[in-house]
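Q: Quick one: the structure is below, and I'll ask about it shortly.
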Amino acid sequence: MGRSTLREDGASLELATVGPEPTTIAVADVDSQGFAEYQFLVKGTSAPNLTMEMLPAEFARDVSALHVGTLGLVLEPMASTIVELVQRERDGRLIMLDPNIRIGLTDDFDYRDRLNTLISASTIVKASDSDLAWIHADCDYTEAADRILGEGVRMVVVTLGADGAFGAHRDLRIRVAAPPVEVVDTIGAGDAFGAGLLAWLYDHDLIRPELSLDEDELRSALAYACLAASLTCARGGADPPWKPEMAEV
């Protein structure tokens, strides 16, 4: 079902791998305000088993960006595979990291060490304000973004829920509001934000490791990503908007 749905939506499965294990499942418990808490059914499933041997020795030239994060940074051997892959590809492709912190699923020390390695190798770090509160517990998200830029990251984008987003890039510090919507649930909102950001950069020919935007471009990219997240919150489940829907708003 999942593969056919992806094909119907126009996704390429050229690099997808298939194993005998069942698919990893996330179970969402949604409260009265639409906020979700997650339980992950991981044991004996397929996702953790990604190894470098399952990936191509090199990607086609049209693969311009890699997006990594969440459980991919937690579960072995997948987590170590992603670190190795990012270090291999970082010089030729934009790397976007979404930590989406999942504490309690792995050893804290190993996770922090792995996360720090990936942050320093990334072009863009997209994180929630709560993610940054865990990564840099001694400061607010604006100072945390400055620290991450100091590690060589080109752009830090912080999602702030209903309050929109904050972007830090070179000497630019920009905050944008989120379009108001009636929230059904927040499932997939952060992923939709990240996809919207990458889509905007791609459509404006800005996907490159040496990422450089001016103030108007950064503001527009953040606004587009916020719109994608807001529209996702306005309907149930992880159901991001199509680009024609975005253009109609």
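Letters for chains follow the order of the structure tokens (A, B, ...), residue numbers begin at 1 for each chain, and ligand numbers begin at 1 in the order shown.
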Go through region 3-174 of chain A and collect every residue that DSSP, computed from the backbone, puts in alpha helix (DSSP H); the answer should be as a PyMOL selection string.
A: chain A and resi 3-8+78-89+108-121+129-135+141-149
Q: Would you mind listing what lies within 9 Å of region 173-188 of chain A as a PyMOL selection string, with only C-alpha atoms counted and same-chain residues fewer than 3 positions away left out?
A: chain A and resi 28+30-36+142+160-170+191-193+215+218-219+222-223+226-227+229-240
Q: Write the selection just made, keeping N, CA and C atoms, as a compact mmCIF listing (two decimals), in the first residue's frame?
A:
# COMPACT_ATOMS: atom_id res chain seq x y z
N ALA A 28 0.39 7.62 16.76
CA ALA A 28 0.20 8.97 17.30
C ALA A 28 -1.02 9.01 18.22
N VAL A 30 -3.31 11.76 19.79
CA VAL A 30 -3.60 13.18 19.58
C VAL A 30 -4.50 13.70 20.69
N ASP A 31 -4.10 14.83 21.31
CA ASP A 31 -4.91 15.40 22.39
C ASP A 31 -6.00 16.32 21.83
N SER A 32 -6.74 16.96 22.71
CA SER A 32 -7.89 17.75 22.30
C SER A 32 -7.51 18.99 21.49
N GLN A 33 -6.25 19.40 21.58
CA GLN A 33 -5.78 20.57 20.82
C GLN A 33 -5.06 20.20 19.54
N GLY A 34 -5.01 18.89 19.25
CA GLY A 34 -4.38 18.43 18.02
C GLY A 34 -2.91 18.11 18.13
N PHE A 35 -2.33 18.23 19.32
CA PHE A 35 -0.91 17.91 19.50
C PHE A 35 -0.74 16.41 19.70
N ALA A 36 0.30 15.86 19.09
CA ALA A 36 0.48 14.41 19.07
C ALA A 36 1.68 13.98 19.91
N THR A 142 17.48 31.55 19.79
CA THR A 142 18.24 32.46 18.93
C THR A 142 19.74 32.32 19.16
N LEU A 160 8.50 27.26 15.36
CA LEU A 160 7.95 27.78 16.62
C LEU A 160 6.46 27.48 16.75
N GLY A 161 6.01 26.41 16.11
CA GLY A 161 4.61 26.04 16.20
C GLY A 161 3.72 27.12 15.60
N ALA A 162 2.66 27.46 16.31
CA ALA A 162 1.70 28.47 15.83
C ALA A 162 2.33 29.85 15.69
N ASP A 163 3.50 30.05 16.30
CA ASP A 163 4.16 31.36 16.24
C ASP A 163 5.05 31.52 15.01
N GLY A 164 5.09 30.52 14.13
CA GLY A 164 5.84 30.67 12.90
C GLY A 164 7.22 30.06 12.93
N ALA A 165 8.20 30.80 12.43
CA ALA A 165 9.55 30.26 12.32
C ALA A 165 10.58 31.38 12.39
N PHE A 166 11.80 30.99 12.73
CA PHE A 166 12.94 31.90 12.84
C PHE A 166 14.05 31.35 11.97
N GLY A 167 14.68 32.22 11.20
CA GLY A 167 15.78 31.80 10.36
C GLY A 167 17.04 32.59 10.64
N ALA A 168 18.17 31.89 10.70
CA ALA A 168 19.47 32.52 10.89
C ALA A 168 20.38 32.06 9.75
N HIS A 169 20.93 33.03 9.01
CA HIS A 169 21.74 32.72 7.83
C HIS A 169 22.71 33.88 7.62
N ARG A 170 24.00 33.57 7.68
CA ARG A 170 25.02 34.62 7.62
C ARG A 170 24.72 35.67 8.70
N ASP A 191 7.66 17.96 9.25
CA ASP A 191 8.14 17.38 7.99
C ASP A 191 7.67 18.21 6.80
N ALA A 192 6.41 18.67 6.85
CA ALA A 192 5.90 19.51 5.77
C ALA A 192 6.68 20.82 5.69
N PHE A 193 7.03 21.38 6.85
CA PHE A 193 7.83 22.60 6.87
C PHE A 193 9.17 22.36 6.16
N GLU A 215 18.04 38.72 2.07
CA GLU A 215 16.99 38.84 3.09
C GLU A 215 15.61 38.49 2.54
N LEU A 218 15.33 34.67 2.03
CA LEU A 218 15.18 33.93 3.28
C LEU A 218 13.77 34.10 3.83
N ARG A 219 13.26 35.30 3.79
CA ARG A 219 11.91 35.55 4.29
C ARG A 219 10.87 34.76 3.48
N LEU A 222 11.05 30.96 4.29
CA LEU A 222 10.44 30.66 5.58
C LEU A 222 8.92 30.76 5.51
N ALA A 223 8.41 31.77 4.81
CA ALA A 223 6.96 31.94 4.69
C ALA A 223 6.34 30.77 3.94
N CYS A 226 6.29 27.77 6.25
CA CYS A 226 5.24 27.94 7.26
C CYS A 226 3.86 27.65 6.68
N LEU A 227 3.63 28.07 5.45
CA LEU A 227 2.35 27.80 4.80
C LEU A 227 2.14 26.30 4.63
N ALA A 229 3.35 23.91 6.44
CA ALA A 229 3.08 23.33 7.76
C ALA A 229 1.66 23.66 8.23
N SER A 230 1.23 24.90 8.02
CA SER A 230 -0.11 25.29 8.46
C SER A 230 -1.19 24.51 7.73
N LEU A 231 -1.05 24.34 6.43
CA LEU A 231 -2.04 23.58 5.67
C LEU A 231 -2.07 22.12 6.10
N THR A 232 -0.93 21.59 6.49
CA THR A 232 -0.88 20.22 6.99
C THR A 232 -1.64 20.10 8.31
N CYS A 233 -1.50 21.11 9.17
CA CYS A 233 -2.21 21.09 10.46
C CYS A 233 -3.72 21.22 10.30
N ALA A 234 -4.15 21.74 9.16
CA ALA A 234 -5.58 21.99 8.96
C ALA A 234 -6.35 20.74 8.54
N ARG A 235 -5.64 19.61 8.38
CA ARG A 235 -6.32 18.35 8.05
C ARG A 235 -5.66 17.21 8.79
N GLY A 236 -6.38 16.12 8.90
CA GLY A 236 -5.92 15.04 9.75
C GLY A 236 -4.79 14.23 9.16
N GLY A 237 -3.87 13.81 10.02
CA GLY A 237 -2.79 12.93 9.62
C GLY A 237 -1.66 13.65 8.91
N ALA A 238 -0.64 12.88 8.53
CA ALA A 238 0.52 13.44 7.83
C ALA A 238 0.18 13.57 6.35
N ASP A 239 -0.53 14.63 6.01
CA ASP A 239 -1.05 14.82 4.66
C ASP A 239 -0.67 16.21 4.16
N PRO A 240 0.56 16.38 3.71
CA PRO A 240 1.02 17.71 3.29
C PRO A 240 0.33 18.17 2.02
Q: Can you tell me which residues surround Tyr224 (chain A) at a distance of at most 8 Å, considering only C-alpha atoms, apart from same-chain residues fewer than 5 positions away, and format the answer as a list in words?
A: Gly196, Leu197 and Trp200 of chain A
Q: Per DSSP on the backbone, what are the strand (DSSP E) residues of region 13-229 of chain A, as a ChimeraX atom specification?
A: /A:25-30,36-41,65-69,94-98,124-128,155-159,165-169,172-176
Q: So that I can see what lies close to Leu198 (chain A), please list as a VMD selection string the residues with an atom at most 12 Å from it, counting only C-alpha atoms and leaving out residues fewer than 4 positions away in the same chain.
A: chain A and resid 64 to 67 94 to 97 123 to 126 157 191 to 194 202 to 208 211 218 221 to 222 224 to 225 228
Q: Taking into account only C-alpha atoms, which residue in the set A:Val74, A:Leu15, A:Ala199, A:Leu118 is nearest to Lys243 (chain A)?
A: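 Using only C-alpha atoms, the shortest distance to Lys243 (chain A) belongs to A:Ala199.
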Q: Which of these, A:Pro99, A:Gly69, A:Pro77, A:Gly19, has the shortest distance to Asp129 (chain A) once you count only C-alpha atoms?
A: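 For Asp129 (chain A), the nearest of the given residues is A:Pro99.
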Q: Just to confirm, what's the straight-line distance from CA of Glu76 (chain A) to CA of Lys43 (chain A) in Å (one decimal)?
A: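 Going from CA of Glu76 (chain A) over to CA of Lys43 (chain A), I get 11.4 Å.
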Q: What is the CA of Met246 (chain A) to CA of Val156 (chain A) distance in Å?
A: 23.4 Å
Q: Give the answer as one residue: which of A:Gly190, A:Pro20, A:Gly2, A:Gly152 has the shortest atom-to-atom distance to Ser128 (chain A), using only C-alpha atoms?
A: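 Closest to Ser128 (chain A), using only C-alpha atoms: A:Gly190.
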Q: Taking into account only C-alpha atoms, which residue in the set A:Phe59, A:Trp242, A:Trp134, A:Tyr38 is nearest to Asp108 (chain A)?
A: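 That would be A:Trp134, the residue with the smallest distance to Asp108 (chain A).
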Q: How many Å separate CA of Thr24 (chain A) from CA of Thr45 (chain A)?
A: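 Between these atoms lies a distance of 5.2 Å.
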